[in-house]
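Student: Dropping in work-v3.pdb, which is PDB, C-alpha atoms:
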```pdb
ATOM      1  CA  MET A   1     -79.057 -41.924 -24.233  1.00  0.00           C
ATOM      2  CA  LYS A   2     -79.074 -41.273 -20.503  1.00  0.00           C
ATOM      3  CA  PHE A   3     -75.317 -41.670 -20.324  1.00  0.00           C
ATOM      4  CA  ILE A   4     -74.836 -39.121 -23.078  1.00  0.00           C
ATOM      5  CA  LYS A   5     -76.885 -36.495 -21.211  1.00  0.00           C
ATOM      6  CA  LEU A   6     -75.317 -37.218 -17.810  1.00  0.00           C
ATOM      7  CA  PRO A   7     -72.230 -34.947 -18.146  1.00  0.00           C
ATOM      8  CA  PHE A   8     -74.406 -32.115 -19.458  1.00  0.00           C
ATOM      9  CA  LYS A   9     -76.814 -32.526 -16.556  1.00  0.00           C
ATOM     10  CA  LEU A  10     -73.925 -32.339 -14.101  1.00  0.00           C
ATOM     11  CA  ILE A  11     -72.753 -29.143 -15.759  1.00  0.00           C
ATOM     12  CA  ALA A  12     -76.345 -27.875 -15.634  1.00  0.00           C
ATOM     13  CA  TYR A  13     -76.426 -28.455 -11.849  1.00  0.00           C
ATOM     14  CA  LEU A  14     -73.323 -26.312 -11.490  1.00  0.00           C
ATOM     15  CA  LEU A  15     -74.834 -23.614 -13.709  1.00  0.00           C
ATOM     16  CA  ILE A  16     -78.072 -23.695 -11.690  1.00  0.00           C
ATOM     17  CA  ALA A  17     -76.105 -23.036  -8.510  1.00  0.00           C
ATOM     18  CA  ILE A  18     -74.159 -20.184 -10.123  1.00  0.00           C
ATOM     19  CA  VAL A  19     -77.294 -18.584 -11.583  1.00  0.00           C
ATOM     20  CA  CYS A  20     -79.096 -18.873  -8.223  1.00  0.00           C
ATOM     21  CA  VAL A  21     -76.241 -17.084  -6.464  1.00  0.00           C
ATOM     22  CA  ILE A  22     -76.117 -14.352  -9.107  1.00  0.00           C
ATOM     23  CA  THR A  23     -79.913 -13.951  -8.917  1.00  0.00           C
ATOM     24  CA  LEU A  24     -79.751 -13.599  -5.150  1.00  0.00           C
ATOM     25  CA  ILE A  25     -76.999 -10.980  -5.387  1.00  0.00           C
ATOM     26  CA  VAL A  26     -78.899  -9.012  -8.035  1.00  0.00           C
ATOM     27  CA  LYS A  27     -82.112  -9.125  -5.978  1.00  0.00           C
ATOM     28  CA  VAL A  28     -80.289  -7.753  -2.946  1.00  0.00           C
ATOM     29  CA  LEU A  29     -78.656  -5.025  -5.036  1.00  0.00           C
ATOM     30  CA  VAL A  30     -81.990  -4.056  -6.613  1.00  0.00           C
ATOM     31  CA  ASN A  31     -83.658  -3.834  -3.210  1.00  0.00           C
ATOM     32  CA  LEU A  32     -80.836  -1.722  -1.825  1.00  0.00           C
ATOM     33  CA  SER A  33     -80.762   0.535  -4.861  1.00  0.00           C
ATOM     34  CA  THR A  34     -84.487   1.224  -4.589  1.00  0.00           C
ATOM     35  CA  TYR A  35     -83.894   2.571  -1.082  1.00  0.00           C
ATOM     36  CA  VAL A  36     -81.409   5.019  -2.595  1.00  0.00           C
ATOM     37  CA  LEU A  37     -83.142   5.789  -5.887  1.00  0.00           C
ATOM     38  CA  GLY A  38     -86.626   6.166  -4.394  1.00  0.00           C
ATOM     39  CA  PRO A  39     -85.906   9.257  -2.285  1.00  0.00           C
ATOM     40  CA  PHE A  40     -83.652  10.628  -5.032  1.00  0.00           C
ATOM     41  CA  MET A  41     -86.498  10.319  -7.547  1.00  0.00           C
ATOM     42  CA  LEU A  42     -88.880  12.044  -5.131  1.00  0.00           C
ATOM     43  CA  PHE A  43     -86.320  14.833  -4.764  1.00  0.00           C
ATOM     44  CA  LEU A  44     -86.068  15.120  -8.548  1.00  0.00           C
ATOM     45  CA  ILE A  45     -89.859  15.322  -8.868  1.00  0.00           C
ATOM     46  CA  GLY A  46     -89.908  18.100  -6.264  1.00  0.00           C
ATOM     47  CA  CYS A  47     -87.168  19.920  -8.128  1.00  0.00           C
ATOM     48  CA  CYS A  48     -89.120  19.543 -11.387  1.00  0.00           C
ATOM     49  CA  ILE A  49     -92.178  21.125  -9.772  1.00  0.00           C
ATOM     50  CA  PHE A  50     -90.054  23.993  -8.447  1.00  0.00           C
ATOM     51  CA  VAL A  51     -88.371  24.534 -11.809  1.00  0.00           C
ATOM     52  CA  ILE A  52     -91.751  24.555 -13.595  1.00  0.00           C
ATOM     53  CA  ALA A  53     -93.035  27.139 -11.130  1.00  0.00           C
ATOM     54  CA  LYS A  54     -89.974  29.337 -11.678  1.00  0.00           C
ATOM     55  CA  GLY A  55     -89.883  28.805 -15.449  1.00  0.00           C
ATOM     56  CA  PHE A  56     -86.313  27.499 -15.784  1.00  0.00           C
ATOM     57  CA  TRP A  57     -86.925  25.234 -18.770  1.00  0.00           C
ATOM     58  CA  SER A  58     -83.315  24.250 -19.483  1.00  0.00           C
ATOM     59  CA  GLN A  59     -82.930  22.931 -15.922  1.00  0.00           C
ATOM     60  CA  LEU A  60     -86.217  21.061 -16.320  1.00  0.00           C
ATOM     61  CA  LEU A  61     -84.761  19.171 -19.270  1.00  0.00           C
ATOM     62  CA  ILE A  62     -81.781  18.113 -17.169  1.00  0.00           C
ATOM     63  CA  LEU A  63     -83.960  17.028 -14.245  1.00  0.00           C
ATOM     64  CA  VAL A  64     -86.361  15.069 -16.442  1.00  0.00           C
ATOM     65  CA  THR A  65     -83.410  13.336 -18.102  1.00  0.00           C
ATOM     66  CA  LEU A  66     -82.066  12.300 -14.689  1.00  0.00           C
ATOM     67  CA  LEU A  67     -85.504  11.065 -13.671  1.00  0.00           C
ATOM     68  CA  ILE A  68     -85.846   9.004 -16.841  1.00  0.00           C
ATOM     69  CA  LEU A  69     -82.383   7.508 -16.289  1.00  0.00           C
ATOM     70  CA  CYS A  70     -83.383   6.471 -12.756  1.00  0.00           C
ATOM     71  CA  VAL A  71     -86.539   4.776 -14.028  1.00  0.00           C
ATOM     72  CA  LEU A  72     -84.631   3.058 -16.837  1.00  0.00           C
ATOM     73  CA  SER A  73     -81.996   1.761 -14.420  1.00  0.00           C
ATOM     74  CA  LEU A  74     -84.694   0.150 -12.269  1.00  0.00           C
ATOM     75  CA  PHE A  75     -86.393  -1.249 -15.370  1.00  0.00           C
ATOM     76  CA  CYS A  76     -83.132  -2.751 -16.648  1.00  0.00           C
ATOM     77  CA  ALA A  77     -82.423  -4.300 -13.245  1.00  0.00           C
ATOM     78  CA  ALA A  78     -85.872  -5.924 -13.274  1.00  0.00           C
ATOM     79  CA  TRP A  79     -85.261  -7.159 -16.816  1.00  0.00           C
ATOM     80  CA  ILE A  80     -81.971  -8.734 -15.753  1.00  0.00           C
ATOM     81  CA  LEU A  81     -83.737 -10.472 -12.851  1.00  0.00           C
ATOM     82  CA  ILE A  82     -86.412 -11.877 -15.169  1.00  0.00           C
ATOM     83  CA  PHE A  83     -83.726 -13.092 -17.584  1.00  0.00           C
ATOM     84  CA  LEU A  84     -81.788 -14.844 -14.804  1.00  0.00           C
ATOM     85  CA  GLU A  85     -84.922 -16.498 -13.412  1.00  0.00           C
ATOM     86  CA  SER A  86     -85.997 -17.741 -16.847  1.00  0.00           C
ATOM     87  CA  ALA A  87     -82.493 -19.094 -17.504  1.00  0.00           C
ATOM     88  CA  ASN A  88     -82.649 -20.892 -14.162  1.00  0.00           C
ATOM     89  CA  ASP A  89     -86.050 -22.378 -15.056  1.00  0.00           C
ATOM     90  CA  ASN A  90     -84.739 -23.534 -18.432  1.00  0.00           C
ATOM     91  CA  LEU A  91     -81.762 -25.225 -16.791  1.00  0.00           C
ATOM     92  CA  LYS A  92     -84.031 -26.950 -14.270  1.00  0.00           C
ATOM     93  CA  GLY A  93     -86.247 -28.139 -17.120  1.00  0.00           C
ATOM     94  CA  PHE A  94     -83.214 -29.603 -18.877  1.00  0.00           C
ATOM     95  CA  VAL A  95     -82.161 -31.461 -15.735  1.00  0.00           C
ATOM     96  CA  ARG A  96     -85.670 -32.918 -15.292  1.00  0.00           C
ATOM     97  CA  SER A  97     -85.813 -34.173 -18.886  1.00  0.00           C
TER
END
```
Could you express the structure from this file as structure tokens?

Tutor:
Amino acid sequence: MKFIKLPFKLIAYLLIAIVCVITLIVKVLVNLSTYVLGPFMLFLIGCCIFVIAKGFWSQLLILVTLLILCVLSLFCAAWILIFLESANDNLKGFVRS
């Protein structure tokens, strides 16, 4: 039985390396994007406050939509990271079995 699993375990080692590299790249991109999106989101919040004070409700809808898209992009990036880390853990569990 060990000889049957051996080729799959070798492929799993290769997949573990690939997933680790992709996870590292995504983590770096998420960290860099938060440095860009963070100030942009603060700017959008300031613009929302200004627009509320002036009463321009159609512009408020646009600004809130942009703010929600920024939050969703960060949420999706975190979800991708969690998926990659769980896939890596599953592959490591297969290799240990």

Student: For CA of Asn90 (chain A) and CA of Ile4 (chain A), quote the distance in Å rounded to one decimal.

Tutor: 19.0 Å

Student: When you draw a straight line from CA of Ile22 (chain A) to CA of Ser73 (chain A), how long is it in Å?

Tutor: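 One can read the CA of Ile22 (chain A) to CA of Ser73 (chain A) distance as 18.0 Å.
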
Student: So the first atom is CA of Leu74 (chain A) and the second is CA of Phe43 (chain A); what is the distance between them in Å, to one decimal place?

Tutor: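 If I compute the distance from CA of Leu74 (chain A) to CA of Phe43 (chain A), I get 16.6 Å.
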
Student: Suppose a student applies the PyMOL selection byres ((chain A and resi 15) around 12) to this structure; what residues should they get, written as a list in words?

Tutor: Phe8, Lys9, Leu10, Ile11, Ala12, Tyr13, Leu14, Ile16, Ala17, Ile18, Val19, Cys20, Val21, Ile22, Thr23, Leu84, Ala87, Asn88, Asp89, Asn90, Leu91, Lys92, Phe94 and Val95 of chain A

Student: Tell me which protein, DNA and RNA residues are within 7 Å of region 63-71 of chain A, counting all atoms listed in the file, leaving out same-chain ones fewer than 4 positions away, and put them as a short mmCIF file (atom, residue, chain, number, x, y, z; two decimals) with C-alpha atoms, in the frame of the given file.

Tutor:
```cif
data_model
loop_
_atom_site.label_atom_id
_atom_site.label_comp_id
_atom_site.auth_asym_id
_atom_site.auth_seq_id
_atom_site.Cartn_x
_atom_site.Cartn_y
_atom_site.Cartn_z
CA LEU A 37 -83.14 5.79 -5.89
CA MET A 41 -86.50 10.32 -7.55
CA LEU A 44 -86.07 15.12 -8.55
CA CYS A 48 -89.12 19.54 -11.39
CA GLN A 59 -82.93 22.93 -15.92
CA PHE A 75 -86.39 -1.25 -15.37
#
```

Student: Can you tell me which residues surround Leu60 (chain A) at a distance of at most 9 Å, considering all atoms listed in the file, apart from same-chain residues fewer than 5 positions away, and format the answer as a list of chain:residue names?

Tutor: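 That gives A:Cys47, A:Cys48, A:Ile49, A:Val51, A:Ile52, A:Gly55, A:Thr65.
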
Student: Which centre and which edge lengths, in Å to one decimal, describe the axis-aligned box that holds all listed atoms of region 38-55 of chain A after 5 Å is added on each side, as AutoDock Vina command-line options?

Tutor:
```
--center_x -88.3 --center_y 17.8 --center_z -8.9 --size_x 19.4 --size_y 33.2 --size_z 23.2
```
